[in-house]
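Reproduced below: start.cif, with mmCIF, C-alpha atoms.
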data_data
#
loop_
_atom_site.label_atom_id
_atom_site.label_comp_id
_atom_site.auth_asym_id
_atom_site.auth_seq_id
_atom_site.Cartn_x
_atom_site.Cartn_y
_atom_site.Cartn_z
CA PRO A 1 0.00 0.00 0.00
CA MET A 2 1.09 3.55 -0.78
CA ASN A 3 1.75 5.83 2.18
CA PHE A 4 0.13 9.25 2.42
CA SER A 5 3.14 11.34 1.35
CA ASP A 6 3.70 9.13 -1.70
CA HIS A 7 0.01 9.54 -2.57
CA LEU A 8 0.32 13.33 -2.31
CA ARG A 9 3.41 13.25 -4.50
CA CYS A 10 1.58 11.25 -7.16
CA VAL A 11 -1.40 13.60 -7.09
CA ALA A 12 0.88 16.65 -7.47
CA ASN A 13 3.37 15.07 -9.88
CA ALA A 14 2.57 17.43 -12.76
CA LEU A 15 3.42 20.43 -10.56
CA TRP A 16 6.63 18.81 -9.31
CA LEU A 17 7.72 18.19 -12.89
CA LYS A 18 7.00 21.82 -13.83
CA GLU A 19 9.08 22.95 -10.86
CA ARG A 20 12.05 20.97 -12.20
CA GLU A 21 11.66 22.58 -15.62
CA HIS A 22 11.28 26.15 -14.37
CA PRO A 23 13.74 28.52 -16.10
CA PHE A 24 15.11 29.64 -12.71
CA VAL A 25 15.93 26.06 -11.70
CA ARG A 26 17.33 25.25 -15.14
CA GLY A 27 19.43 28.44 -15.06
CA ILE A 28 21.02 27.45 -11.74
CA GLY A 29 21.77 24.00 -13.15
CA THR A 30 23.43 25.32 -16.28
CA GLY A 31 25.07 28.23 -14.46
CA GLU A 32 23.39 30.65 -16.89
CA LEU A 33 20.89 32.26 -14.50
CA PRO A 34 21.72 35.99 -14.33
CA PHE A 35 23.27 36.85 -10.96
CA GLU A 36 20.76 39.66 -10.45
CA CYS A 37 17.90 37.14 -10.56
CA PHE A 38 19.65 34.96 -8.00
CA ARG A 39 20.46 37.96 -5.79
CA TYR A 40 16.77 38.89 -5.77
CA TYR A 41 15.85 35.32 -4.85
CA MET A 42 18.45 35.20 -2.06
CA LYS A 43 17.06 38.36 -0.43
CA GLN A 44 13.49 37.07 -0.66
CA ASP A 45 14.60 33.67 0.66
CA TYR A 46 16.08 35.38 3.73
CA LEU A 47 12.65 36.82 4.53
CA PHE A 48 11.07 33.44 3.84
CA LEU A 49 13.43 31.69 6.27
CA ILE A 50 12.37 34.03 9.08
CA ASP A 51 8.68 33.15 8.72
CA PHE A 52 9.51 29.51 7.97
CA SER A 53 11.24 29.45 11.36
CA ARG A 54 8.14 30.85 13.03
CA VAL A 55 6.06 28.04 11.54
CA ILE A 56 8.56 25.43 12.71
CA ALA A 57 8.26 26.89 16.22
CA LEU A 58 4.48 26.55 15.98
CA ALA A 59 4.92 22.94 14.86
CA SER A 60 6.96 22.25 17.98
CA ALA A 61 4.31 23.87 20.15
CA ARG A 62 1.49 21.91 18.50
CA SER A 63 3.21 18.53 18.73
CA SER A 64 1.63 16.16 21.23
CA GLU A 65 4.67 13.94 21.74
CA VAL A 66 7.71 15.32 23.54
CA SER A 67 10.04 13.55 21.09
CA ASP A 68 8.31 15.32 18.17
CA MET A 69 8.47 18.64 20.01
CA ALA A 70 12.20 18.07 20.45
CA TRP A 71 12.68 17.21 16.77
CA PHE A 72 10.89 20.37 15.62
CA ALA A 73 12.82 22.41 18.21
CA GLY A 74 16.06 21.00 16.78
CA PHE A 75 14.85 21.77 13.25
CA LEU A 76 14.08 25.31 14.38
CA ASN A 77 17.51 25.70 15.97
CA ASP A 78 19.23 24.32 12.86
CA THR A 79 17.23 26.66 10.62
CA ILE A 80 17.85 29.78 12.71
CA THR A 81 21.48 29.16 13.56
CA THR A 82 22.97 27.04 10.80
CA GLU A 83 20.82 27.66 7.73
CA MET A 84 20.38 31.39 8.38
CA SER A 85 24.13 31.81 8.96
CA LEU A 86 24.94 29.85 5.80
CA HIS A 87 22.39 31.94 3.93
CA ILE A 88 23.84 35.23 5.17
CA GLY A 89 27.36 34.03 4.32
CA PHE A 90 26.23 32.86 0.91
CA CYS A 91 24.58 36.23 0.31
CA SER A 92 27.91 37.93 0.97
CA ASP A 93 29.34 35.90 -1.94
CA PHE A 94 26.81 37.81 -4.10
CA ASP A 95 27.73 41.17 -2.51
CA ILE A 96 24.50 41.22 -0.48
CA THR A 97 25.17 42.70 2.94
CA ARG A 98 23.28 42.05 6.15
CA ALA A 99 21.94 45.61 5.85
CA ASP A 100 20.67 44.77 2.34
CA LEU A 101 18.87 41.74 3.76
CA ASP A 102 17.37 43.74 6.62
CA ASP A 103 16.18 46.43 4.18
CA THR A 104 14.53 43.92 1.82
CA LYS A 105 10.79 44.23 1.44
CA PRO A 106 8.86 41.04 0.75
CA SER A 107 7.57 40.56 -2.77
CA PRO A 108 3.89 39.71 -3.29
CA ALA A 109 4.89 36.08 -3.94
CA THR A 110 6.91 35.90 -0.71
CA LEU A 111 4.06 37.49 1.25
CA ALA A 112 1.56 35.05 -0.24
CA TYR A 113 3.68 32.00 0.55
CA THR A 114 4.74 33.02 4.04
CA GLY A 115 1.22 34.26 4.79
CA HIS A 116 -0.14 30.84 3.82
CA LEU A 117 2.43 29.07 6.00
CA LEU A 118 1.75 31.33 8.98
CA GLN A 119 -2.00 30.98 8.65
CA ILE A 120 -1.66 27.18 8.66
CA GLY A 121 0.79 27.44 11.57
CA TYR A 122 -1.61 29.45 13.70
CA THR A 123 -4.83 27.66 12.77
CA GLY A 124 -3.95 24.15 11.61
CA SER A 125 -3.19 20.88 13.28
CA ILE A 126 0.34 19.54 13.51
CA GLY A 127 -0.45 17.43 10.44
CA ASP A 128 -1.58 20.52 8.53
CA ILE A 129 1.58 22.38 9.53
CA THR A 130 3.78 19.48 8.43
CA ALA A 131 1.94 19.26 5.12
CA ALA A 132 2.62 22.98 4.61
CA LEU A 133 6.32 22.73 5.55
CA LEU A 134 7.10 19.55 3.63
CA PRO A 135 6.99 20.79 0.02
CA CYS A 136 9.79 23.28 0.68
CA SER A 137 12.18 20.78 2.21
CA TRP A 138 11.25 17.92 -0.09
CA GLY A 139 11.20 20.07 -3.24
CA TYR A 140 14.58 21.67 -2.57
CA SER A 141 16.09 18.27 -1.82
CA GLU A 142 14.78 16.83 -5.09
CA ILE A 143 15.90 19.84 -7.09
CA GLY A 144 19.33 19.81 -5.47
CA LYS A 145 19.79 16.09 -6.22
CA MET A 146 18.49 16.46 -9.78
CA LEU A 147 20.84 19.37 -10.56
CA HIS A 148 23.77 17.61 -8.91
CA ASP A 149 23.11 14.44 -10.92
CA GLN A 150 23.04 16.48 -14.13
CA GLY A 151 26.54 17.76 -13.39
CA LEU A 152 27.64 20.87 -11.55
CA PRO A 153 28.06 24.09 -13.54
CA THR A 154 31.76 24.30 -12.67
CA GLU A 155 32.16 27.62 -14.50
CA ASN A 156 29.85 29.09 -11.87
CA PRO A 157 31.13 28.04 -8.42
CA LEU A 158 28.42 29.97 -6.56
CA TYR A 159 25.66 27.95 -8.19
CA CYS A 160 27.71 24.79 -7.56
CA LYS A 161 27.75 25.71 -3.88
CA TRP A 162 23.94 26.15 -3.81
CA ILE A 163 23.37 22.82 -5.61
CA THR A 164 25.80 21.02 -3.31
CA MET A 165 24.04 22.40 -0.23
CA TYR A 166 20.60 21.21 -1.32
CA SER A 167 21.80 17.86 -2.66
CA ASP A 168 23.40 17.02 0.70
CA PRO A 169 22.10 13.77 2.24
CA GLU A 170 21.38 15.62 5.51
CA PHE A 171 18.91 17.82 3.68
CA ALA A 172 17.29 14.71 2.17
CA ASP A 173 17.08 13.18 5.67
CA LEU A 174 15.15 16.24 6.86
CA ALA A 175 12.56 15.79 4.11
CA LYS A 176 12.43 12.06 4.83
CA TRP A 177 11.67 12.66 8.52
CA LEU A 178 8.96 15.18 7.68
CA ARG A 179 7.43 12.73 5.20
CA GLY A 180 7.44 9.98 7.81
CA PHE A 181 5.91 12.28 10.38
CA LEU A 182 3.19 13.35 7.95
CA ASP A 183 2.49 9.71 7.14
CA ARG A 184 2.17 9.00 10.86
CA MET A 185 -0.19 11.95 11.34
CA ALA A 186 -2.30 10.86 8.37
#
Would you put the structure from the file into structure tokens?
Amino acid sequence: PMNFSDHLRCVANALWLKEREHPFVRGIGTGELPFECFRYYMKQDYLFLIDFSRVIALASARSSEVSDMAWFAGFLNDTITTEMSLHIGFCSDFDITRADLDDTKPSPATLAYTGHLLQIGYTGSIGDITAALLPCSWGYSEIGKMLHDQGLPTENPLYCKWITMYSDPEFADLAKWLRGFLDRMA
């Protein structure tokens, strides 16, 4: 029998395939994405990570099992300390300063996505929150692995660094845990 997360993946497969073919994703993979497009994304992603962290905190608070609370608390800590620090450092590679990040205003797309996540975080069950968080972690992991398997754009070491980060097995393990948790909640 198919588990719940696999079922969701099958239902949404057409969207997942479109995500892989998006010009932004393809441009990172070939190394041909204009730096200005990536710089814009990096600043918006910084804002996303802040609200993503808030939703992870809400997931910890809404968990009924202490072990799940601890896992989400660890995920929150890793996101705020490790991922945010890596992100800020990576931004500096693109000449984006911390002041630039702090001065960034969210785009309508960022506001829509983070608003959706926060609304689910404040009003949904722990299963709903996990279902909202999972596509980000799972999608990035799949994209990172796909781009890595296609071959790194060695003429663009900054995009290689991004691909390597998201193709890391630790990142895949995060998505795997969230999938398993969602399956358990379902």
(message) Need to verify the contact set: stretch 34-50 of chain A, 6 Å, all atoms listed in the file, exclusion of same-chain residues closer than 2 positions in sequence. Can you return it as a PyMOL selection string?
(response) chain A and resi 52-53+101
Let's have the selection written as a short mmCIF file (atom, residue, chain, number, x, y, z; two decimals), in the coordinates of the input, with C-alpha atoms.
data_model
loop_
_atom_site.label_atom_id
_atom_site.label_comp_id
_atom_site.auth_asym_id
_atom_site.auth_seq_id
_atom_site.Cartn_x
_atom_site.Cartn_y
_atom_site.Cartn_z
CA PHE A 52 9.51 29.51 7.97
CA SER A 53 11.24 29.45 11.36
CA LEU A 101 18.87 41.74 3.76
#
(request) Counting all atoms listed in the file, figure out which residue out of A:Leu117, A:Cys160, A:Phe72, A:Arg98 gets nearest to A:Met84. (result) A:Arg98
(request) For atom CA of A:Pro135 and atom CA of A:Ala175, quote the distance in Å rounded to one decimal. (result) 8.5 Å
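Here the question is which of A:Trp162, A:Tyr122, A:Trp71, A:Phe4 gets nearest to A:Ile143 using all atoms listed in the file, and that residue is A:Trp162.
Between atom CA of A:Gly74 and atom CA of A:Ser92 the separation is 26.0 Å.
Here the question is which of A:Ile129, A:Gly144, A:Asp68, A:Gly151 gets nearest to A:Trp177 using only C-alpha atoms, and that residue is A:Asp68.
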Taking all atoms of stretch 98-105 of chain A that appear in the file, build a box with edges along x, y and z, extend it by 6 Å on every side, and state its centre and edge lengths in Å to one decimal, as AutoDock Vina command-line options.
--center_x 17.0 --center_y 44.1 --center_z 4.0 --size_x 24.5 --size_y 16.7 --size_z 17.2
(request) Name all residues at most 12 Å from A:Ile120 (count all atoms listed in the file; drop same-chain ones fewer than 3 positions away) and give them as a PyMOL selection string. (result) chain A and resi 51-52+54-56+58-59+62+113-117+123-133
(message) Between A:Lys18, A:His148, A:Arg9, A:Lys161, which residue has the minimum interatomic distance to A:Leu134, considering only C-alpha atoms?
(response) A:Arg9
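With distances restricted to only C-alpha atoms, A:Ser141 is the closest residue to A:Pro169 from A:Leu8, A:Arg184, A:Ser141, A:Thr30.
Rounded to one decimal, atom CA of A:Gly180 and atom CA of A:Ser5 lie 7.9 Å from each other.
Of the residues under consideration (A:Met69, A:Thr110, A:Trp138, A:Phe94), A:Trp138 shows the shortest atom-to-atom contact distance to A:Trp16 when counting all atoms listed in the file.
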(message) Assuming the chain letters and numbering stay as they are in my file, what does the PyMOL selection byres ((chain A and resi 163) around 12) actually select? List them as number ranges by chain.
(response) A: 25-31, 140-154, 156-162, 164-168, 171
